[in-house]
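Contents: one structure, followed by commentary.
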4 protein chains.
Amino acid sequence: MSKKTDHAHCACGDQRKAVQVDPEIKAATLRRLARIAGQVRGIQKMVEEERYCADILVQISSVQEALRGTSRHLMYNHLKHCATDAIRKGPESAEQMYNEVLDLIYKHSR
Amino acid sequence: MSKKTDHAHCACGDQRKAVQVDPEIKAATLRRLARIAGQVRGIQKMVEEERYCADILVQISSVQEALRGTSRHLMYNHLKHCATDAIRKGPESAEQMYNEVLDLIYKHSR
Amino acid sequence: MSKKTDHAHCACGDQRKAVQVDPEIKAATLRRLARIAGQVRGIQKMVEEERYCADILVQISSVQEALRGTSRHLMYNHLKHCATDAIRKGPESAEQMYNEVLDLIYKHSR
Amino acid sequence: MSKKTDHAHCACGDQRKAVQVDPEIKAATLRRLARIAGQVRGIQKMVEEERYCADILVQISSVQEALRGTSRHLMYNHLKHCATDAIRKGPESAEQMYNEVLDLIYKHSR
């Protein structure tokens, strides 16, 4: 992390790392993602069996809700560690972080 | 399908079937879901490697978009076959279908 | 309406008309819109008074929910009259309607 | 503001105030809200004239987009002033702020 300058993450090539990840958030996120992977397999099976479209659509919407729950956990970690770190570093890195968070909310979030 | 009465689907226990699924929609949907399953595996790996939260959040948002694309295909099939079928059957089954579609849009869709 | 061909609406210049609007849906929609206009005025006042941002954001989100409720009513009318009309007219006008409804759901809806 | 303790806002009865509002954000937000109020009046007129439902639905969706743009501006102000203030005050008020922002994103945002 010694080469980190004004970023909230260390830039290791393209693979940027989180400033810090709470172990319980990491574990909970992995559990949620494993469940989501299972839900996707279930939907694949429903499509193969030509199940009623509306029932499949409800299942897709349930995966979307599960992804939102996962995002919320990761965003909590992001605010707590990465954003807080950036805000403490000074106005320039804070400004960069505000815009990143705004893009996550208004460009990327569903 | 002989036992179908005023539903747009045949109720075979809990496993309701679509009135009809266009083969190209089925194939495209399965391809999309396979890609989504791969994206979810990629996200699991990113979380394990403690990659930068914002980068993971963007990937989750990309899965959300992919799920929306999949929903759109299935909804097209639903309107074309199941909804059209229900609407042709008479006002009562049409009314039931309107409400089902509205729930899919306003309760379930993201 | 005599010049209508394969559209679900009569094209009167740019001002296309609904096939039919249920009077109770029209009245309920106008009541909802009047309430929404009042909510927007309330938000303008909050911004002028420099009220706490999060409280304003919650009010904006409440307008978003109210707009979704209004959309649901109009979409019900759309499915019941315009879409049903288009579907009954034949496969070409039905196809056009499916795509219009899909755009409303997946391109325009929030 | 001297009575403010661990909140990011001063609690003046129910009317909580923002820590600070940038004058250009305030002006831009009021301009946007005035435009939104005009759009809502336009939609009321469309409903009165029984205009084509899909055209009205597109206009509603345009108001929703405009509200999202307004929210983004207010959220920027919130992060820059209220959230930054709370984060600097210490872990407890920071924690409270993370949860407030998460609720704004995942419970209230559309």
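How things are named: the first chain in the structure tokens is A, the next is B, and so on; residues count from 1 in each chain; ligands count from 1 in the order shown.
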Using 6 Å as the limit and counting only C-alpha atoms, can you tabulate each residue of chain C that touches chain D, with its shortest atom-to-atom distance in Å and the two atoms involved, as a Markdown table?
| residue | atom | partner | partner_atom | distance |
| --- | --- | --- | --- | --- |
| C:Arg16 | CA | D:Tyr52 | CA | 5.2 |
| C:Lys17 | CA | D:Arg51 | CA | 4.2 |
| C:Ala18 | CA | D:Tyr52 | CA | 3.9 |
| C:Glu50 | CA | D:Ala18 | CA | 5.9 |
| C:Arg51 | CA | D:Lys17 | CA | 4.2 |
| C:Tyr52 | CA | D:Ala18 | CA | 3.9 |
| C:Cys53 | CA | D:His78 | CA | 5.7 |
| C:Ser61 | CA | D:His108 | CA | 5.5 |
| C:His78 | CA | D:Cys53 | CA | 5.7 |
| C:His108 | CA | D:Ser61 | CA | 5.5 |
Worksheet item: Mind checking DSSP for segment 1-107 of chain D and telling me the helix (DSSP H, G or I) residues as a PyMOL selection string?
Response: chain D and resi 23-48+53-89+91-107
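The space between atom CA of Glu95 of chain B and atom CA of Gly69 of chain B spans 26.6 Å.
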